[in-house]
Protein chains: 2
Amino acid sequence: MKTLTRVIQVKEEIRDMRSQGKTIGFVPTMGYLHEGHLNLIRESLRKTDVTVVSIFVNPAQFGPGEDFARYPRNLERDSEILKKEGVDCLFVPGPEEMFHKGHNTYVDVYDLKDKLCGRSRPTQFRGVCTVVLKLFNIVGPDVSYFGQKDAQQAIILKRMVEDLNLDVKIDVLPIAREEDGLALSSRNEYLNKEERKAALVLSKGLKEAQMMVEKREEKSEAIIDRVKEMISQEPLAKMDYVEIVDMDNLDPVVRIEKETLAVLAVFVGKARLIDNAILRPKE
Amino acid sequence: MKTLTRVIQVKEEIRDMRSQGKTIGFVPTMGYLHEGHLNLIRESLRKTDVTVVSIFVNPAQFGPGEDFARYPRNLERDSEILKKEGVDCLFVPGPEEMFHKGHNTYVDVYDLKDKLCGRSRPTQFRGVCTVVLKLFNIVGPDVSYFGQKDAQQAIILKRMVEDLNLDVKIDVLPIAREEDGLALSSRNEYLNKEERKAALVLSKGLKEAQMMVEKREEKSEAIIDRVKEMISQEPLAKMDYVEIVDMDNLDPVVRIEKETLAVLAVFVGKARLIDNAILRPKE
């Protein structure tokens with residue numbers, strides 16, 4: 001595995017691979033890798049000739065007072081894991097390599113960026129879009145892999161790719177979960193033992209939502225109320241939002257008449273956790 | 001010359017040219033071509049294997065109440081001119097081809113976008129950056145040519161290209177002028193005979209600024225006052241701005257101690273005209 005820290009090195013490497021007619025798969029990450037990341041990487045290894053992984057804890061997607069400084073990092077361990085998986089190239093730029101002095105260009109996907117997580121984290125998706133666009137321009141992948149856990153991010157990036165006429169395909173893979181249901185996230189690291197238990201309220205709430213739809217509940221309000229009630233009964237949890245929204249435009253859905261997205265964000269201890277599930281009404 | 005209206009056609013054409021190892025030169029325009037455009041096109045024809053010209057009157061760079069509807073258009077004449085010049089490919093997308101339903105992604109180069117023309121036309125450079133980035137992604141040029149007449153645009157696009165890690169080189173060519181000094185612009189079309197004469201106040205003001213620097217005037221204020229006085233003496237002209245700014249960051253310069261940009265915008269009749277000149281102090 002080649003480990004590169006400079007943009008120019010990656011561009012050279014990719015030009016070389018391209019000239020050999022190879023297809024490029026790309027998995028951008030913030031590191032501290034878990035099974036969720038590995039699912040994306042293994043899919044890239046299966047489907048493309050060359051797999052590039054980036055590790056960059058992107059300052060632009062953290063707001064003031066958020067967890068940029070204490071976001072978990074372990075490059076040595078990550079690097080070992082990626083080598084073992086058979087990744088071809090690891091790109092680990094420093095902050096000045098990605099945001100040089102004078103950088104002042106930002107990309108926004110309007111409306112979508114202000115919904116759901118955008119309300120609590122107003123600059124997050126500007127940071128995500130800008131850095132992902134830069135990485136796409138550096139790596140020039142045929143396919144890039146993202147997790148459904150960050151559902152809003154995936155929807156926004158798909159819109160950006162279409163709007164800006166980029167050639168990369170965005171492939172979104174299902175949420176990876178612990179056996180007890182907790183969605184994998186580098187931020188689970190923040191949870192102590194009690195909080196780890198309390199954090200189950202997210203996946204349990206979504207399971208409850210799915211069960212209600214199964215039982216022909218169509219009213220979003222009834223489902224949302226039930227999930228909020230479950231969260232309020234968990235003393236270590238504090239709700240940020242619970243919503244049922246359209247899969248394309250993230251607008252609230254009143255009656256669940258087709259596939260719809262249940263999404264929530266909950267503070268548990270120092271962690272702000274997110275999770276989501278697709279609700280499929282019976283015919 | 002191939003004339004294409006669909007993004008997908010251009011991408012195919014370029015893929016074909018690339019596979020033959022050809023270099024691509026690109027001149028994005030809003031049409032109604034004049035000698036200024038032709039200078040860019042001829043440079044591209046000299047320097048690259050394949051020259052692509054686009055004609056797209058970009059609605060996103062006009063504000064409400066501006067001249068989008070009456071901006072001069074003459075595709076038939078433009079097309080004849082380009083054929084005669086030997087251009088390889090003309091891309092003429094319709095508005096829905098560039099901004100499909102649901103388009104909501106925009107690119108901004110902060111600070112720079114709000115200076116000079118950005119003050120009178122607050123959404124102009126967002127529109128320019130977004131559409132030029134899209135065109136770069138569609139055409140994938142090695143070099144793209146722009147005129148120094150739109151000095152702020154050129155500076156902003158260079159910043160965007162660097163910030164977003166794009167591979168295209170931005171080449172900026174000198175202002176093309178009529179014999180009497182008027183900078184060429186499609187908007188000169190708006191001028192009647194009297195206004196055409198009055199419009200000379202822009203280039204004459206810049207000449208005066210250059211002469212004052214020649215005579216060792218170093219204070220921007222003195223020069224700006226003199227140019228403003230000249231404009232105020234022209235009854236058909238109304239000043240928008242006159243400034244002397246840093247060539248890189250467009251910040252006002254108090255003392256002219258190195259190469260500096262004198263820029264102005266003046267309303268003459270229905271036209272808002274811009275012009276600029278580089279001030280070079282004596283050693």
# chains A, B, ... in the order shown; residues from 1 in each chain; ligands from 1
call {"tool": "interface_residues", "arguments": {"of": "chain B", "to": "chain A", "cutoff": "8 Å", "atoms": "only C-alpha atoms", "output": "PDB file with all heavy atoms, in the first residue's frame"}}
result
ATOM      1  N   PHE B  99     -29.059  24.007 -16.104  1.00  0.00           N
ATOM      2  CA  PHE B  99     -29.675  24.066 -14.774  1.00  0.00           C
ATOM      3  C   PHE B  99     -30.962  23.245 -14.805  1.00  0.00           C
ATOM      4  O   PHE B  99     -32.045  23.778 -15.006  1.00  0.00           O
ATOM      5  CB  PHE B  99     -29.944  25.516 -14.357  1.00  0.00           C
ATOM      6  CG  PHE B  99     -28.684  26.286 -14.106  1.00  0.00           C
ATOM      7  CD1 PHE B  99     -28.202  27.180 -15.040  1.00  0.00           C
ATOM      8  CD2 PHE B  99     -27.959  26.092 -12.940  1.00  0.00           C
ATOM      9  CE1 PHE B  99     -27.017  27.889 -14.812  1.00  0.00           C
ATOM     10  CE2 PHE B  99     -26.781  26.792 -12.702  1.00  0.00           C
ATOM     11  CZ  PHE B  99     -26.310  27.689 -13.644  1.00  0.00           C
ATOM     12  N   HIS B 100     -30.816  21.933 -14.624  1.00  0.00           N
ATOM     13  CA  HIS B 100     -31.969  21.044 -14.646  1.00  0.00           C
ATOM     14  C   HIS B 100     -32.852  21.329 -13.434  1.00  0.00           C
ATOM     15  O   HIS B 100     -32.419  21.947 -12.459  1.00  0.00           O
ATOM     16  CB  HIS B 100     -31.503  19.586 -14.658  1.00  0.00           C
ATOM     17  CG  HIS B 100     -30.627  19.267 -13.481  1.00  0.00           C
ATOM     18  ND1 HIS B 100     -31.131  18.922 -12.254  1.00  0.00           N
ATOM     19  CD2 HIS B 100     -29.278  19.279 -13.341  1.00  0.00           C
ATOM     20  CE1 HIS B 100     -30.125  18.735 -11.412  1.00  0.00           C
ATOM     21  NE2 HIS B 100     -28.996  18.953 -12.048  1.00  0.00           N
ATOM     22  N   HIS B 103     -31.850  21.749  -9.546  1.00  0.00           N
ATOM     23  CA  HIS B 103     -30.465  22.196  -9.353  1.00  0.00           C
ATOM     24  C   HIS B 103     -30.394  23.109  -8.144  1.00  0.00           C
ATOM     25  O   HIS B 103     -31.163  24.069  -8.041  1.00  0.00           O
ATOM     26  CB  HIS B 103     -29.948  22.953 -10.577  1.00  0.00           C
ATOM     27  CG  HIS B 103     -28.542  23.472 -10.380  1.00  0.00           C
ATOM     28  ND1 HIS B 103     -27.452  22.882 -10.964  1.00  0.00           N
ATOM     29  CD2 HIS B 103     -28.061  24.488  -9.625  1.00  0.00           C
ATOM     30  CE1 HIS B 103     -26.359  23.520 -10.570  1.00  0.00           C
ATOM     31  NE2 HIS B 103     -26.708  24.508  -9.761  1.00  0.00           N
ATOM     32  N   ASN B 104     -29.482  22.832  -7.241  1.00  0.00           N
ATOM     33  CA  ASN B 104     -29.405  23.657  -6.037  1.00  0.00           C
ATOM     34  C   ASN B 104     -27.991  23.733  -5.466  1.00  0.00           C
ATOM     35  O   ASN B 104     -27.807  24.043  -4.293  1.00  0.00           O
ATOM     36  CB  ASN B 104     -30.383  23.120  -4.983  1.00  0.00           C
ATOM     37  CG  ASN B 104     -31.269  24.233  -4.454  1.00  0.00           C
ATOM     38  OD1 ASN B 104     -30.935  25.406  -4.582  1.00  0.00           O
ATOM     39  ND2 ASN B 104     -32.379  23.876  -3.861  1.00  0.00           N
ATOM     40  N   THR B 105     -26.992  23.457  -6.292  1.00  0.00           N
ATOM     41  CA  THR B 105     -25.604  23.500  -5.844  1.00  0.00           C
ATOM     42  C   THR B 105     -24.935  24.759  -6.382  1.00  0.00           C
ATOM     43  O   THR B 105     -25.015  25.033  -7.586  1.00  0.00           O
ATOM     44  CB  THR B 105     -24.846  22.251  -6.346  1.00  0.00           C
ATOM     45  OG1 THR B 105     -25.529  21.088  -5.882  1.00  0.00           O
ATOM     46  CG2 THR B 105     -23.411  22.233  -5.836  1.00  0.00           C
ATOM     47  N   TYR B 106     -24.315  25.516  -5.498  1.00  0.00           N
ATOM     48  CA  TYR B 106     -23.644  26.745  -5.920  1.00  0.00           C
ATOM     49  C   TYR B 106     -22.265  26.846  -5.288  1.00  0.00           C
ATOM     50  O   TYR B 106     -22.040  26.364  -4.174  1.00  0.00           O
ATOM     51  CB  TYR B 106     -24.501  27.969  -5.578  1.00  0.00           C
ATOM     52  CG  TYR B 106     -25.759  27.999  -6.417  1.00  0.00           C
ATOM     53  CD1 TYR B 106     -26.939  27.437  -5.954  1.00  0.00           C
ATOM     54  CD2 TYR B 106     -25.724  28.518  -7.704  1.00  0.00           C
ATOM     55  CE1 TYR B 106     -28.082  27.421  -6.743  1.00  0.00           C
ATOM     56  CE2 TYR B 106     -26.858  28.509  -8.508  1.00  0.00           C
ATOM     57  CZ  TYR B 106     -28.029  27.964  -8.023  1.00  0.00           C
ATOM     58  OH  TYR B 106     -29.140  27.932  -8.813  1.00  0.00           O
ATOM     59  N   VAL B 107     -21.357  27.483  -6.019  1.00  0.00           N
ATOM     60  CA  VAL B 107     -19.980  27.634  -5.587  1.00  0.00           C
ATOM     61  C   VAL B 107     -19.709  29.115  -5.351  1.00  0.00           C
ATOM     62  O   VAL B 107     -20.058  29.949  -6.192  1.00  0.00           O
ATOM     63  CB  VAL B 107     -19.018  27.129  -6.678  1.00  0.00           C
ATOM     64  CG1 VAL B 107     -17.577  27.221  -6.206  1.00  0.00           C
ATOM     65  CG2 VAL B 107     -19.370  25.713  -7.074  1.00  0.00           C
ATOM     66  N   ASP B 108     -19.104  29.438  -4.234  1.00  0.00           N
ATOM     67  CA  ASP B 108     -18.753  30.824  -3.931  1.00  0.00           C
ATOM     68  C   ASP B 108     -17.281  30.945  -3.589  1.00  0.00           C
ATOM     69  O   ASP B 108     -16.735  30.093  -2.879  1.00  0.00           O
ATOM     70  CB  ASP B 108     -19.562  31.318  -2.714  1.00  0.00           C
ATOM     71  CG  ASP B 108     -20.999  31.637  -3.078  1.00  0.00           C
ATOM     72  OD1 ASP B 108     -21.200  32.620  -3.801  1.00  0.00           O
ATOM     73  OD2 ASP B 108     -21.907  30.897  -2.639  1.00  0.00           O
ATOM     74  N   VAL B 109     -16.657  31.989  -4.084  1.00  0.00           N
ATOM     75  CA  VAL B 109     -15.301  32.345  -3.651  1.00  0.00           C
ATOM     76  C   VAL B 109     -15.460  33.563  -2.750  1.00  0.00           C
ATOM     77  O   VAL B 109     -15.737  34.665  -3.224  1.00  0.00           O
ATOM     78  CB  VAL B 109     -14.383  32.648  -4.843  1.00  0.00           C
ATOM     79  CG1 VAL B 109     -12.998  33.085  -4.352  1.00  0.00           C
ATOM     80  CG2 VAL B 109     -14.261  31.413  -5.734  1.00  0.00           C
ATOM     81  N   TYR B 110     -15.360  33.301  -1.444  1.00  0.00           N
ATOM     82  CA  TYR B 110     -15.716  34.338  -0.472  1.00  0.00           C
ATOM     83  C   TYR B 110     -14.729  35.499  -0.477  1.00  0.00           C
ATOM     84  O   TYR B 110     -13.625  35.388  -1.007  1.00  0.00           O
ATOM     85  CB  TYR B 110     -15.871  33.732   0.922  1.00  0.00           C
ATOM     86  CG  TYR B 110     -17.199  32.998   0.957  1.00  0.00           C
ATOM     87  CD1 TYR B 110     -17.290  31.680   0.555  1.00  0.00           C
ATOM     88  CD2 TYR B 110     -18.368  33.688   1.244  1.00  0.00           C
ATOM     89  CE1 TYR B 110     -18.516  31.032   0.503  1.00  0.00           C
ATOM     90  CE2 TYR B 110     -19.596  33.046   1.199  1.00  0.00           C
ATOM     91  CZ  TYR B 110     -19.661  31.729   0.825  1.00  0.00           C
ATOM     92  OH  TYR B 110     -20.873  31.099   0.749  1.00  0.00           O
ATOM     93  N   ASP B 111     -15.199  36.601   0.071  1.00  0.00           N
ATOM     94  CA  ASP B 111     -14.474  37.861   0.117  1.00  0.00           C
ATOM     95  C   ASP B 111     -14.351  38.434  -1.299  1.00  0.00           C
ATOM     96  O   ASP B 111     -14.968  39.454  -1.596  1.00  0.00           O
ATOM     97  CB  ASP B 111     -13.103  37.724   0.787  1.00  0.00           C
ATOM     98  CG  ASP B 111     -13.271  37.273   2.247  1.00  0.00           C
ATOM     99  OD1 ASP B 111     -14.423  37.134   2.685  1.00  0.00           O
ATOM    100  OD2 ASP B 111     -12.254  37.077   2.923  1.00  0.00           O
ATOM    101  N   THR B 130     -20.253  28.935 -10.517  1.00  0.00           N
ATOM    102  CA  THR B 130     -21.014  27.694 -10.631  1.00  0.00           C
ATOM    103  C   THR B 130     -21.049  27.208 -12.077  1.00  0.00           C
ATOM    104  O   THR B 130     -20.798  26.039 -12.359  1.00  0.00           O
ATOM    105  CB  THR B 130     -22.438  27.898 -10.087  1.00  0.00           C
ATOM    106  OG1 THR B 130     -22.346  28.331  -8.724  1.00  0.00           O
ATOM    107  CG2 THR B 130     -23.245  26.612 -10.157  1.00  0.00           C
ATOM    108  N   LEU B 133     -17.490  26.185 -13.335  1.00  0.00           N
ATOM    109  CA  LEU B 133     -17.096  24.884 -12.779  1.00  0.00           C
ATOM    110  C   LEU B 133     -17.820  23.752 -13.508  1.00  0.00           C
ATOM    111  O   LEU B 133     -17.217  22.730 -13.865  1.00  0.00           O
ATOM    112  CB  LEU B 133     -17.401  24.819 -11.276  1.00  0.00           C
ATOM    113  CG  LEU B 133     -17.050  23.494 -10.606  1.00  0.00           C
ATOM    114  CD1 LEU B 133     -15.564  23.162 -10.743  1.00  0.00           C
ATOM    115  CD2 LEU B 133     -17.451  23.491  -9.130  1.00  0.00           C
ATOM    116  N   LYS B 134     -19.126  23.931 -13.749  1.00  0.00           N
ATOM    117  CA  LYS B 134     -19.882  22.923 -14.496  1.00  0.00           C
ATOM    118  C   LYS B 134     -19.261  22.723 -15.891  1.00  0.00           C
ATOM    119  O   LYS B 134     -19.046  21.597 -16.331  1.00  0.00           O
ATOM    120  CB  LYS B 134     -21.353  23.347 -14.616  1.00  0.00           C
ATOM    121  CG  LYS B 134     -22.173  23.122 -13.341  1.00  0.00           C
ATOM    122  CD  LYS B 134     -23.535  23.821 -13.395  1.00  0.00           C
ATOM    123  CE  LYS B 134     -24.449  23.253 -14.451  1.00  0.00           C
ATOM    124  NZ  LYS B 134     -24.918  21.877 -14.185  1.00  0.00           N
ATOM    125  N   ASN B 137     -16.157  20.805 -15.763  1.00  0.00           N
ATOM    126  CA  ASN B 137     -16.414  19.378 -15.536  1.00  0.00           C
ATOM    127  C   ASN B 137     -16.950  18.695 -16.793  1.00  0.00           C
ATOM    128  O   ASN B 137     -16.742  17.511 -16.996  1.00  0.00           O
ATOM    129  CB  ASN B 137     -17.402  19.192 -14.384  1.00  0.00           C
ATOM    130  CG  ASN B 137     -16.768  19.519 -13.043  1.00  0.00           C
ATOM    131  OD1 ASN B 137     -15.543  19.479 -12.894  1.00  0.00           O
ATOM    132  ND2 ASN B 137     -17.587  19.874 -12.066  1.00  0.00           N
ATOM    133  N   ILE B 138     -17.642  19.455 -17.625  1.00  0.00           N
ATOM    134  CA  ILE B 138     -18.194  18.886 -18.861  1.00  0.00           C
ATOM    135  C   ILE B 138     -17.111  18.770 -19.932  1.00  0.00           C
ATOM    136  O   ILE B 138     -16.956  17.746 -20.580  1.00  0.00           O
ATOM    137  CB  ILE B 138     -19.374  19.757 -19.368  1.00  0.00           C
ATOM    138  CG1 ILE B 138     -20.530  19.698 -18.369  1.00  0.00           C
ATOM    139  CG2 ILE B 138     -19.825  19.316 -20.757  1.00  0.00           C
ATOM    140  CD1 ILE B 138     -21.572  20.799 -18.544  1.00  0.00           C
ATOM    141  N   ARG B 159      -8.611  31.588  -8.262  1.00  0.00           N
ATOM    142  CA  ARG B 159      -8.707  31.157  -6.868  1.00  0.00           C
ATOM    143  C   ARG B 159      -9.543  29.875  -6.765  1.00  0.00           C
ATOM    144  O   ARG B 159      -9.196  28.938  -6.047  1.00  0.00           O
ATOM    145  CB  ARG B 159      -9.331  32.270  -6.021  1.00  0.00           C
ATOM    146  CG  ARG B 159      -9.621  31.904  -4.574  1.00  0.00           C
ATOM    147  CD  ARG B 159      -8.395  31.697  -3.703  1.00  0.00           C
ATOM    148  NE  ARG B 159      -7.540  32.847  -3.632  1.00  0.00           N
ATOM    149  CZ  ARG B 159      -7.665  33.850  -2.765  1.00  0.00           C
ATOM    150  NH1 ARG B 159      -8.603  33.818  -1.863  1.00  0.00           N
ATOM    151  NH2 ARG B 159      -6.838  34.863  -2.795  1.00  0.00           N
ATOM    152  N   MET B 160     -10.657  29.838  -7.473  1.00  0.00           N
ATOM    153  CA  MET B 160     -11.526  28.652  -7.440  1.00  0.00           C
ATOM    154  C   MET B 160     -10.767  27.411  -7.917  1.00  0.00           C
ATOM    155  O   MET B 160     -10.841  26.334  -7.301  1.00  0.00           O
ATOM    156  CB  MET B 160     -12.775  28.872  -8.299  1.00  0.00           C
ATOM    157  CG  MET B 160     -13.682  27.648  -8.350  1.00  0.00           C
ATOM    158  SD  MET B 160     -15.147  27.866  -9.400  1.00  0.00           S
ATOM    159  CE  MET B 160     -14.468  27.505 -11.029  1.00  0.00           C
ATOM    160  N   ASP B 163      -8.292  26.413  -5.234  1.00  0.00           N
ATOM    161  CA  ASP B 163      -8.946  25.920  -4.011  1.00  0.00           C
ATOM    162  C   ASP B 163      -9.597  24.553  -4.226  1.00  0.00           C
ATOM    163  O   ASP B 163      -9.644  23.735  -3.304  1.00  0.00           O
ATOM    164  CB  ASP B 163     -10.010  26.912  -3.538  1.00  0.00           C
ATOM    165  CG  ASP B 163      -9.398  28.168  -2.911  1.00  0.00           C
ATOM    166  OD1 ASP B 163      -8.164  28.232  -2.778  1.00  0.00           O
ATOM    167  OD2 ASP B 163     -10.168  29.084  -2.561  1.00  0.00           O
ATOM    168  N   LEU B 164     -10.143  24.325  -5.416  1.00  0.00           N
ATOM    169  CA  LEU B 164     -10.856  23.061  -5.651  1.00  0.00           C
ATOM    170  C   LEU B 164      -9.969  21.996  -6.305  1.00  0.00           C
ATOM    171  O   LEU B 164     -10.466  20.954  -6.723  1.00  0.00           O
ATOM    172  CB  LEU B 164     -12.123  23.306  -6.485  1.00  0.00           C
ATOM    173  CG  LEU B 164     -13.198  24.165  -5.800  1.00  0.00           C
ATOM    174  CD1 LEU B 164     -14.423  24.299  -6.697  1.00  0.00           C
ATOM    175  CD2 LEU B 164     -13.604  23.586  -4.442  1.00  0.00           C
ATOM    176  N   ASN B 165      -8.661  22.274  -6.413  1.00  0.00           N
ATOM    177  CA  ASN B 165      -7.720  21.292  -6.958  1.00  0.00           C
ATOM    178  C   ASN B 165      -8.038  20.865  -8.382  1.00  0.00           C
ATOM    179  O   ASN B 165      -7.874  19.697  -8.748  1.00  0.00           O
ATOM    180  CB  ASN B 165      -7.656  20.038  -6.064  1.00  0.00           C
ATOM    181  CG  ASN B 165      -7.339  20.357  -4.621  1.00  0.00           C
ATOM    182  OD1 ASN B 165      -8.244  20.470  -3.797  1.00  0.00           O
ATOM    183  ND2 ASN B 165      -6.081  20.531  -4.300  1.00  0.00           N
ATOM    184  N   LEU B 166      -8.542  21.804  -9.177  1.00  0.00           N
ATOM    185  CA  LEU B 166      -8.829  21.494 -10.583  1.00  0.00           C
ATOM    186  C   LEU B 166      -7.524  21.496 -11.381  1.00  0.00           C
ATOM    187  O   LEU B 166      -6.568  22.177 -11.020  1.00  0.00           O
ATOM    188  CB  LEU B 166      -9.797  22.529 -11.155  1.00  0.00           C
ATOM    189  CG  LEU B 166     -11.184  22.520 -10.507  1.00  0.00           C
ATOM    190  CD1 LEU B 166     -11.973  23.772 -10.908  1.00  0.00           C
ATOM    191  CD2 LEU B 166     -11.959  21.265 -10.908  1.00  0.00           C
TER     192      LEU B 166
END
call {"tool": "residues_around", "arguments": {"residues": "Glu221 (chain A)", "least_positions_apart": "3", "cutoff": "10 Å", "atoms": "only C-alpha atoms", "output": "list in words"}}
result
Glu217, Glu218, Ile224, Asp225, Arg226, Val227, Glu243, Ile244, Val253, Val254 and Arg255 of chain A
call {"tool": "write_last_selection", "arguments": {"atoms": "C-alpha atoms", "output": "PDB file, in the first residue's frame"}}
result
ATOM      1  CA  GLU A 217     -49.744   2.899  11.026  1.00  0.00           C
ATOM      2  CA  GLU A 218     -49.591   5.557   8.271  1.00  0.00           C
ATOM      3  CA  ILE A 224     -42.629  10.303  15.772  1.00  0.00           C
ATOM      4  CA  ASP A 225     -44.489  10.844  19.066  1.00  0.00           C
ATOM      5  CA  ARG A 226     -43.863   7.231  20.070  1.00  0.00           C
ATOM      6  CA  VAL A 227     -40.121   7.425  19.282  1.00  0.00           C
ATOM      7  CA  GLU A 243     -38.289  13.048  11.643  1.00  0.00           C
ATOM      8  CA  ILE A 244     -39.915  11.068   8.871  1.00  0.00           C
ATOM      9  CA  VAL A 253     -43.840  13.325   5.096  1.00  0.00           C
ATOM     10  CA  VAL A 254     -47.280  13.420   6.759  1.00  0.00           C
ATOM     11  CA  ARG A 255     -48.633  10.043   5.575  1.00  0.00           C
TER      12      ARG A 255
END
call {"tool": "closest_residue", "arguments": {"among": "A:Val143, A:Ala271, A:Val53, A:Ile41", "to": "Cys89 (chain A)", "atoms": "only C-alpha atoms"}}
result
A:Val53
call {"tool": "select_by_dssp", "arguments": {"residues": "region 28-115 of chain A", "states": "alpha helix (DSSP H)", "output": "list of chain:residue names"}}
result
A:Glu35, A:Gly36, A:His37, A:Leu38, A:Asn39, A:Leu40, A:Ile41, A:Arg42, A:Glu43, A:Ser44, A:Leu45, A:Arg46, A:Lys47, A:Leu75, A:Glu76, A:Arg77, A:Asp78, A:Ser79, A:Glu80, A:Ile81, A:Leu82, A:Lys83, A:Lys84, A:Glu85, A:Pro95, A:Glu96, A:Glu97, A:Met98
call {"tool": "residues_around", "arguments": {"residues": "Val242 (chain B)", "least_positions_apart": "4", "cutoff": "7 Å", "atoms": "only C-alpha atoms", "output": "list of chain:residue names"}}
result
B:Ile224, B:Lys228, B:Val263, B:Leu264, B:Ala265
call {"tool": "residues_around", "arguments": {"residues": "Gln124 (chain B)", "least_positions_apart": "6", "cutoff": "9 Å", "atoms": "only C-alpha atoms", "output": "number ranges by chain"}}
result
B: 60-63, 113, 117-118
call {"tool": "closest_residue", "arguments": {"among": "B:Val201, B:Leu40, B:Val27, B:Met211", "to": "Phe267 (chain B)", "atoms": "only C-alpha atoms"}}
result
B:Val201
call {"tool": "select_by_dssp", "arguments": {"residues": "region 42-141 of chain B", "states": "strand (DSSP E)", "output": "PDB file with N, CA and C atoms, in the first residue's frame"}}
result
ATOM      1  N   VAL B  50      -7.362  20.797 -29.762  1.00  0.00           N
ATOM      2  CA  VAL B  50      -8.804  20.885 -30.002  1.00  0.00           C
ATOM      3  C   VAL B  50      -9.338  22.112 -29.269  1.00  0.00           C
ATOM      4  N   THR B  51     -10.086  22.960 -29.977  1.00  0.00           N
ATOM      5  CA  THR B  51     -10.659  24.146 -29.336  1.00  0.00           C
ATOM      6  C   THR B  51     -12.172  24.011 -29.235  1.00  0.00           C
ATOM      7  N   VAL B  52     -12.646  24.105 -27.985  1.00  0.00           N
ATOM      8  CA  VAL B  52     -14.086  24.058 -27.708  1.00  0.00           C
ATOM      9  C   VAL B  52     -14.517  25.454 -27.267  1.00  0.00           C
ATOM     10  N   VAL B  53     -15.590  25.975 -27.866  1.00  0.00           N
ATOM     11  CA  VAL B  53     -16.169  27.254 -27.445  1.00  0.00           C
ATOM     12  C   VAL B  53     -17.581  26.970 -26.945  1.00  0.00           C
ATOM     13  N   SER B  54     -17.948  27.570 -25.821  1.00  0.00           N
ATOM     14  CA  SER B  54     -19.346  27.442 -25.395  1.00  0.00           C
ATOM     15  C   SER B  54     -20.016  28.802 -25.490  1.00  0.00           C
ATOM     16  N   ILE B  55     -21.288  28.788 -25.841  1.00  0.00           N
ATOM     17  CA  ILE B  55     -22.119  29.996 -25.821  1.00  0.00           C
ATOM     18  C   ILE B  55     -23.289  29.704 -24.914  1.00  0.00           C
ATOM     19  N   CYS B  89     -15.310  22.584 -31.919  1.00  0.00           N
ATOM     20  CA  CYS B  89     -16.561  22.171 -31.295  1.00  0.00           C
ATOM     21  C   CYS B  89     -17.233  23.370 -30.629  1.00  0.00           C
ATOM     22  N   LEU B  90     -18.511  23.580 -30.945  1.00  0.00           N
ATOM     23  CA  LEU B  90     -19.298  24.638 -30.301  1.00  0.00           C
ATOM     24  C   LEU B  90     -20.348  23.976 -29.428  1.00  0.00           C
ATOM     25  N   PHE B  91     -20.347  24.345 -28.141  1.00  0.00           N
ATOM     26  CA  PHE B  91     -21.326  23.798 -27.188  1.00  0.00           C
ATOM     27  C   PHE B  91     -22.335  24.906 -26.876  1.00  0.00           C
ATOM     28  N   THR B 105     -26.992  23.457  -6.292  1.00  0.00           N
ATOM     29  CA  THR B 105     -25.604  23.500  -5.844  1.00  0.00           C
ATOM     30  C   THR B 105     -24.935  24.759  -6.382  1.00  0.00           C
ATOM     31  N   TYR B 106     -24.315  25.516  -5.498  1.00  0.00           N
ATOM     32  CA  TYR B 106     -23.644  26.745  -5.920  1.00  0.00           C
ATOM     33  C   TYR B 106     -22.265  26.846  -5.288  1.00  0.00           C
ATOM     34  N   VAL B 107     -21.357  27.483  -6.019  1.00  0.00           N
ATOM     35  CA  VAL B 107     -19.980  27.634  -5.587  1.00  0.00           C
ATOM     36  C   VAL B 107     -19.709  29.115  -5.351  1.00  0.00           C
ATOM     37  N   ASP B 108     -19.104  29.438  -4.234  1.00  0.00           N
ATOM     38  CA  ASP B 108     -18.753  30.824  -3.931  1.00  0.00           C
ATOM     39  C   ASP B 108     -17.281  30.945  -3.589  1.00  0.00           C
ATOM     40  N   VAL B 109     -16.657  31.989  -4.084  1.00  0.00           N
ATOM     41  CA  VAL B 109     -15.301  32.345  -3.651  1.00  0.00           C
ATOM     42  C   VAL B 109     -15.460  33.563  -2.750  1.00  0.00           C
TER      43      VAL B 109
END
call {"tool": "closest_residue", "arguments": {"among": "B:Ser185, B:Gln152, B:Ser79, B:Thr5", "to": "Asp114 (chain B)", "atoms": "only C-alpha atoms"}}
result
B:Gln152
call {"tool": "closest_residue", "arguments": {"among": "B:Leu184, B:Ile24, B:Leu261, B:Val266", "to": "Asp142 (chain B)", "atoms": "only C-alpha atoms"}}
result
B:Ile24
call {"tool": "residues_around", "arguments": {"residues": "Arg280 (chain A)", "least_positions_apart": "6", "cutoff": "7 Å", "atoms": "only C-alpha atoms", "output": "list in words"}}
result
Lys258, Glu259 and Thr260 of chain A
call {"tool": "closest_residue", "arguments": {"among": "A:Arg46, A:His34, A:Arg70, A:Lys115", "to": "Asp246 (chain A)", "atoms": "only C-alpha atoms"}}
result
A:Lys115
call {"tool": "closest_residue", "arguments": {"among": "A:Glu66, A:Glu195, A:Asp78, A:Asp275", "to": "Ala183 (chain A)", "atoms": "only C-alpha atoms"}}
result
A:Asp275
